[in-house]
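A.B. asks: Got query-v3.txt for you, compact mmCIF, C-alpha atoms and all ligand atoms:
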```txt
# COMPACT_ATOMS: atom_id res chain seq x y z
CA MET A 1 5.25 2.15 -7.06
CA THR A 2 2.54 3.02 -4.50
CA PRO A 3 3.45 3.14 -0.79
CA THR A 4 1.73 -0.22 -0.29
CA SER A 5 3.13 -2.12 -3.28
CA PRO A 6 6.00 -4.41 -2.38
CA PRO A 7 9.47 -3.63 -3.73
CA VAL A 8 10.60 -6.04 -6.42
CA GLY A 9 12.44 -8.89 -4.80
CA ARG A 10 12.02 -8.68 -1.05
CA LEU A 11 15.35 -9.08 0.70
CA ALA A 12 15.66 -10.34 4.26
CA LEU A 13 18.83 -10.11 6.31
CA TYR A 14 19.73 -12.94 8.63
CA PRO A 15 22.42 -11.44 10.86
CA GLY A 16 24.55 -13.25 13.39
CA SER A 17 27.97 -14.29 14.55
CA PHE A 18 27.78 -17.81 13.06
CA ASP A 19 30.86 -18.95 14.98
CA PRO A 20 30.22 -21.57 13.70
CA LEU A 21 27.14 -22.13 11.53
CA THR A 22 24.92 -24.84 13.08
CA ASN A 23 22.09 -26.94 11.67
CA GLY A 24 19.74 -24.64 13.56
CA HIS A 25 21.02 -21.68 11.52
CA VAL A 26 20.73 -23.74 8.32
CA ASP A 27 17.11 -24.57 9.20
CA ILE A 28 16.26 -20.88 9.68
CA ILE A 29 18.04 -19.84 6.46
CA LEU A 30 16.04 -22.43 4.48
CA ARG A 31 12.78 -21.23 6.04
CA GLY A 32 13.73 -17.62 5.25
CA ALA A 33 14.64 -18.52 1.67
CA ARG A 34 11.14 -19.91 1.20
CA LEU A 35 9.45 -16.85 2.69
CA PHE A 36 11.47 -14.08 1.01
CA ASP A 37 12.72 -13.58 -2.53
CA ARG A 38 16.30 -13.43 -1.25
CA ILE A 39 17.94 -13.95 2.09
CA LEU A 40 21.30 -12.44 2.88
CA VAL A 41 23.24 -14.10 5.68
CA ALA A 42 25.05 -11.18 7.31
CA VAL A 43 28.08 -12.35 9.28
CA LEU A 44 29.14 -9.98 12.03
CA VAL A 45 32.83 -9.14 11.63
CA SER A 46 33.61 -8.49 15.28
CA ALA A 47 31.58 -11.41 16.58
CA ASP A 48 33.67 -11.94 19.66
CA LYS A 49 37.02 -10.74 20.88
CA ASN A 50 38.34 -14.16 20.15
CA PRO A 51 36.17 -16.00 17.58
CA LEU A 52 37.10 -19.59 16.78
CA PHE A 53 36.60 -18.95 13.06
CA SER A 54 37.76 -15.81 11.27
CA VAL A 55 35.12 -13.80 9.45
CA GLU A 56 36.50 -15.09 6.12
CA GLU A 57 36.09 -18.67 7.36
CA ARG A 58 32.56 -18.03 8.64
CA VAL A 59 31.53 -16.43 5.33
CA GLY A 60 33.23 -19.24 3.37
CA ILE A 61 31.33 -21.91 5.31
CA VAL A 62 27.95 -20.31 4.53
CA GLN A 63 28.98 -19.96 0.87
CA GLU A 64 29.90 -23.61 0.71
CA VAL A 65 26.75 -24.90 2.46
CA PHE A 66 24.40 -22.80 0.28
CA ARG A 67 26.34 -23.05 -2.98
CA GLU A 68 23.33 -24.46 -4.79
CA TYR A 69 20.78 -21.95 -3.50
CA SER A 70 20.55 -19.00 -5.82
CA ASN A 71 18.48 -16.88 -3.41
CA VAL A 72 20.79 -17.34 -0.42
CA GLU A 73 23.64 -14.83 -0.29
CA VAL A 74 26.32 -14.17 2.29
CA ASP A 75 28.34 -11.12 3.26
CA ALA A 76 30.28 -9.77 6.23
CA PHE A 77 29.14 -6.65 8.04
CA ASP A 78 30.32 -4.36 10.80
CA GLY A 79 28.72 -1.40 12.53
CA LEU A 80 25.01 -0.95 13.10
CA LEU A 81 22.80 -3.59 11.59
CA VAL A 82 20.14 -1.04 10.59
CA ASP A 83 22.72 0.97 8.63
CA TYR A 84 23.80 -2.15 6.80
CA ALA A 85 20.14 -3.06 6.16
CA ARG A 86 19.51 0.40 4.66
CA ARG A 87 22.53 0.06 2.39
CA LYS A 88 21.30 -3.34 1.22
CA ARG A 89 17.68 -2.13 0.90
CA ALA A 90 16.49 -5.00 3.07
CA THR A 91 12.87 -5.09 4.17
CA ALA A 92 13.22 -7.47 7.09
CA ILE A 93 15.57 -8.94 9.63
CA VAL A 94 15.14 -12.64 10.30
CA ARG A 95 16.03 -14.05 13.70
CA GLY A 96 15.55 -17.54 15.07
CA LEU A 97 13.72 -18.03 18.38
CA ARG A 98 14.64 -21.26 20.07
CA ALA A 99 13.12 -20.93 23.49
CA VAL A 100 11.59 -18.47 25.92
CA SER A 101 15.10 -17.73 27.15
CA ASP A 102 15.92 -16.13 23.77
CA PHE A 103 12.91 -13.89 23.93
CA GLU A 104 14.08 -11.05 26.18
CA TYR A 105 17.31 -10.38 24.29
CA GLU A 106 15.62 -10.74 20.91
CA PHE A 107 12.72 -8.50 21.94
CA GLN A 108 15.14 -5.79 23.09
CA MET A 109 17.11 -5.99 19.84
CA ALA A 110 14.00 -5.98 17.67
CA LEU A 111 12.56 -2.91 19.39
CA MET A 112 15.89 -1.06 19.39
CA ASN A 113 16.27 -1.79 15.68
CA ARG A 114 12.69 -0.58 15.12
CA HIS A 115 13.49 2.60 17.05
CA LEU A 116 16.52 3.16 14.83
CA GLU A 117 14.74 2.23 11.58
CA PRO A 118 10.94 1.99 11.82
CA ALA A 119 10.59 0.67 8.26
CA LEU A 120 12.60 -2.47 9.01
CA GLU A 121 10.57 -5.39 10.39
CA THR A 122 12.04 -8.17 12.50
CA VAL A 123 10.57 -11.58 11.69
CA PHE A 124 11.08 -14.40 14.17
CA MET A 125 11.16 -17.97 13.03
CA MET A 126 11.31 -21.15 15.06
CA PRO A 127 13.73 -23.86 14.01
CA ALA A 128 12.72 -27.52 13.90
CA GLU A 129 12.32 -28.92 17.43
CA GLN A 130 15.49 -31.00 17.25
CA TYR A 131 17.54 -27.80 17.00
CA THR A 132 15.92 -25.82 19.80
CA TYR A 133 18.75 -26.56 22.23
CA LEU A 134 21.55 -25.86 19.74
CA SER A 135 23.92 -22.94 19.95
CA SER A 136 27.31 -22.14 18.47
CA ARG A 137 28.70 -21.71 21.97
CA LEU A 138 27.62 -25.23 22.99
CA ILE A 139 28.96 -26.74 19.76
CA LYS A 140 32.40 -25.24 20.46
CA GLU A 141 32.33 -26.38 24.08
CA VAL A 142 31.16 -29.93 23.35
CA PHE A 143 33.55 -30.40 20.44
CA GLY A 144 36.43 -28.87 22.40
CA LEU A 145 35.85 -31.41 25.16
CA GLY A 146 35.82 -34.35 22.74
CA GLY A 147 32.06 -34.69 22.21
CA GLU A 148 30.30 -35.69 19.00
CA VAL A 149 28.64 -32.87 17.04
CA ARG A 150 28.21 -34.56 13.66
CA ALA A 151 24.40 -34.46 13.66
CA LEU A 152 24.31 -30.84 14.78
CA VAL A 153 26.43 -28.96 12.22
CA PRO A 154 26.90 -29.15 8.43
CA PRO A 155 29.67 -31.61 7.40
CA VAL A 156 31.94 -28.73 6.34
CA VAL A 157 31.75 -27.25 9.84
CA GLU A 158 32.59 -30.56 11.47
CA ALA A 159 35.56 -30.94 9.12
CA ARG A 160 36.78 -27.41 9.91
CA LEU A 161 36.40 -28.01 13.64
CA ARG A 162 38.47 -31.19 13.31
CA ALA A 163 41.10 -29.40 11.26
CA LYS A 164 41.35 -26.64 13.87
CA LYS A 165 41.66 -29.03 16.77
CA GLY A 166 43.89 -31.47 14.93
CA ARG A 167 41.38 -34.26 15.49
CA THR A 168 41.03 -37.06 12.96
CA ASN A 169 37.78 -38.72 11.92
CA GLY A 170 37.91 -41.50 14.44
CA SER A 171 38.90 -39.42 17.47
O1 LIG A 201 24.51 -14.47 16.57
P1 LIG A 201 24.33 -13.33 17.50
O2 LIG A 201 25.64 -13.04 18.20
O3 LIG A 201 23.19 -13.52 18.45
O4 LIG A 201 23.95 -12.04 16.60
C1 LIG A 201 23.84 -10.77 17.19
C2 LIG A 201 23.73 -9.67 16.12
C3 LIG A 201 24.82 -9.78 15.10
C4 LIG A 201 22.38 -9.80 15.42
C5 LIG A 201 23.80 -8.31 16.88
O5 LIG A 201 24.88 -8.32 17.73
C6 LIG A 201 23.93 -7.12 15.93
O6 LIG A 201 23.01 -6.78 15.23
N1 LIG A 201 25.14 -6.50 15.93
C7 LIG A 201 25.44 -5.35 15.09
C8 LIG A 201 25.55 -4.07 15.90
C9 LIG A 201 24.16 -3.50 16.19
O7 LIG A 201 23.43 -3.11 15.30
N2 LIG A 201 23.81 -3.48 17.49
C10 LIG A 201 22.51 -3.02 17.95
C11 LIG A 201 21.51 -4.15 17.92
S1 LIG A 201 19.97 -3.63 18.63
```
Would you encode the structure as structure tokens?

C.D. replies:
Amino acid sequence: MTPTSPPVGRLALYPGSFDPLTNGHVDIILRGARLFDRILVAVLVSADKNPLFSVEERVGIVQEVFREYSNVEVDAFDGLLVDYARRKRATAIVRGLRAVSDFEYEFQMALMNRHLEPALETVFMMPAEQYTYLSSRLIKEVFGLGGEVRALVPPVVEARLRAKKGRTNGS
């Protein structure tokens, strides 16, 4: 292999908290799966001091949603993302950019990750317009206050939210 020839099967990591997975995340994963040979959804173990979904639940949801996609994988990770990326031999990190407001944080992370591992590229992708306002935090807030989130998350996520809150289909 020459220094310029691509490794066989380019792997991209798509890291995040995914508490919970939204249709915006799904959109980015599908775009990544078309661009790379494989995309590995890397679920951060310690997403929050008090995540709504356990890491096992968050991983299980991604597994269920992408069951039929052979080049979409999912795993949990902890510690530095660049260390995990090295272990997995990933060539890129995929992140979604929804709006200008995301840019500063994402820019900082991308450059810090580049400082830590210059060989790892961060690739930003924009979700479809209808998902640009979506976030896991808003989904939890809206659902928690009785709002409708059906069009914004995969059906399995809506069902899990209902199960957690003890809400039935009609309520
Ligand atoms: O969904 P999120 O919460 O925006 O994802 C943030 C995530 C998981 C990408 C970021 O917190 C992360 O990479 N955490 C792992 C620890 C790490 O490497 N921190 C330094 C990042 S520059």

A.B. asks: Using only C-alpha atoms, which protein or nucleic acid residues come within 6 Å of stretch 58-73 of chain A? Drop anything in the same chain fewer than 6 positions from it, and give the result as a list in words.

C.D. replies: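 Listing them by chain and then by number gives Arg38, Ile39 and Leu40 of chain A.
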
A.B. asks: Collect all residues with atoms no farther than 7 Å from ligand LIG 201 (chain A), counting all atoms listed in the file, and output them as a ChimeraX atom specification.

C.D. replies: /A:15-18,44,47,78-82,108-110,112-113

A.B. asks: Could you give me, as a VMD selection string, the residues within 7 Å of A:Val153, counting all atoms listed in the file and dropping anything in the same chain fewer than 3 positions from it?

C.D. replies: chain A and resid 21 to 23 149 to 150 157 to 158

A.B. asks: Taking (6.3, -7.2, 12.4) in the file's coordinates, which residues come within 12 Å, counting only C-alpha atoms, written as a PyMOL selection string?

C.D. replies: chain A and resi 91-95+107+110-111+113-114+118-125

A.B. asks: If you measure from atom CA of A:Thr132 to atom CA of A:Lys49, what distance in Å do you get, rounded to one decimal?

C.D. replies: 26.0 Å

A.B. asks: Between atom CA of A:Met126 and atom CA of A:Arg98, what is the distance, to one decimal in Å?

C.D. replies: 6.0 Å

A.B. asks: Between A:Ala151, A:Ala12, A:Val156, A:Leu116, which has the minimum distance to A:Glu57 (counting all atoms listed in the file)?

C.D. replies: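 Closest residue, counting all atoms listed in the file: A:Val156.
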
A.B. asks: Please list as an MDAnalysis selection string every residue within 6 Å of A:Asp27, counting only C-alpha atoms and excluding residues in the same chain fewer than 3 positions away.

C.D. replies: chainID A and resid 24 30 127

A.B. asks: Quote the spacing between atom CA of A:Ala85 and atom CA of A:Glu117 in Å to one decimal place.

C.D. replies: 9.3 Å

A.B. asks: If I wrap all listed atoms of stretch 12-21 of chain A in a box with edges along x, y and z and add 8 Å on each side, what are its centre and edge lengths in Å to one decimal, as lines of an AutoDock Vina configuration file?

C.D. replies:
```
center_x = 23.3
center_y = -16.1
center_z = 9.6
size_x = 31.2
size_y = 28.0
size_z = 26.7
```

A.B. asks: Calculated over all atoms listed in the file, which of the candidates A:Ala33, A:Asp19, A:Phe53, A:Tyr84 has the smallest distance to A:Arg137?

C.D. replies: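 So, comparing all the options, the nearest one is A:Asp19.
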
A.B. asks: Which is closest to A:Phe77 among A:Leu13, A:Ser136, A:Tyr131, A:Ala99, if we use all atoms listed in the file?

C.D. replies: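 Of all the options, A:Leu13 lies closest to A:Phe77.
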
A.B. asks: For A:Gly147, work out the shell of residues within 12 Å, counting all atoms listed in the file and skipping chain neighbours fewer than 2 positions away, then give it as a VMD selection string.

C.D. replies: chain A and resid 138 to 145 149 to 152 158 161 to 162 167 170 to 171

A.B. asks: Extract stretch 61-80 of chain A from the preceding block and save N, CA and C atoms as a CSV table (one decimal), in the first residue's frame.

C.D. replies:
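Resulting contents of result24.csv:
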```
chain,number,residue,atom,x,y,z
A,61,ILE,N,-31.3,0.6,20.3
A,61,ILE,CA,-32.1,1.4,19.4
A,61,ILE,C,-31.5,1.5,18.1
A,62,VAL,N,-30.2,1.9,18.1
A,62,VAL,CA,-29.5,2.0,16.8
A,62,VAL,C,-29.4,0.7,16.0
A,63,GLN,N,-29.2,-0.4,16.8
A,63,GLN,CA,-29.1,-1.7,16.2
A,63,GLN,C,-30.5,-2.0,15.5
A,64,GLU,N,-31.5,-1.7,16.2
A,64,GLU,CA,-32.9,-2.1,15.7
A,64,GLU,C,-33.2,-1.2,14.5
A,65,VAL,N,-32.9,0.1,14.5
A,65,VAL,CA,-33.2,0.9,13.4
A,65,VAL,C,-32.4,0.5,12.1
A,66,PHE,N,-31.2,0.1,12.3
A,66,PHE,CA,-30.3,-0.2,11.1
A,66,PHE,C,-30.1,-1.6,10.9
A,67,ARG,N,-31.0,-2.5,11.5
A,67,ARG,CA,-30.9,-3.9,11.3
A,67,ARG,C,-30.6,-4.4,9.9
A,68,GLU,N,-31.2,-3.7,9.0
A,68,GLU,CA,-31.1,-4.2,7.6
A,68,GLU,C,-29.9,-3.5,6.8
A,69,TYR,N,-29.1,-2.7,7.5
A,69,TYR,CA,-28.0,-2.1,6.8
A,69,TYR,C,-26.7,-2.7,7.2
A,70,SER,N,-26.1,-3.5,6.2
A,70,SER,CA,-24.9,-4.2,6.6
A,70,SER,C,-23.7,-3.4,6.8
A,71,ASN,N,-23.7,-2.1,6.3
A,71,ASN,CA,-22.5,-1.3,6.5
A,71,ASN,C,-22.7,-0.2,7.6
A,72,VAL,N,-23.8,-0.4,8.4
A,72,VAL,CA,-24.0,0.5,9.6
A,72,VAL,C,-23.8,-0.4,10.8
A,73,GLU,N,-22.8,0.0,11.6
A,73,GLU,CA,-22.5,-0.8,12.9
A,73,GLU,C,-22.7,0.1,14.1
A,74,VAL,N,-22.8,-0.5,15.2
A,74,VAL,CA,-23.0,0.4,16.4
A,74,VAL,C,-22.2,-0.2,17.6
A,75,ASP,N,-21.6,0.6,18.4
A,75,ASP,CA,-20.8,0.2,19.6
A,75,ASP,C,-20.9,1.3,20.6
A,76,ALA,N,-20.5,1.0,21.8
A,76,ALA,CA,-20.4,2.0,22.9
A,76,ALA,C,-19.0,2.3,23.1
A,77,PHE,N,-18.7,3.6,23.4
A,77,PHE,CA,-17.3,3.9,23.7
A,77,PHE,C,-17.2,4.9,24.9
A,78,ASP,N,-16.0,4.9,25.5
A,78,ASP,CA,-15.8,5.8,26.6
A,78,ASP,C,-14.3,6.3,26.4
A,79,GLY,N,-14.0,7.3,27.1
A,79,GLY,CA,-12.6,7.9,26.9
A,79,GLY,C,-12.5,8.8,25.7
A,80,LEU,N,-11.3,9.0,25.3
A,80,LEU,CA,-11.1,9.9,24.2
A,80,LEU,C,-11.5,9.3,22.9
```
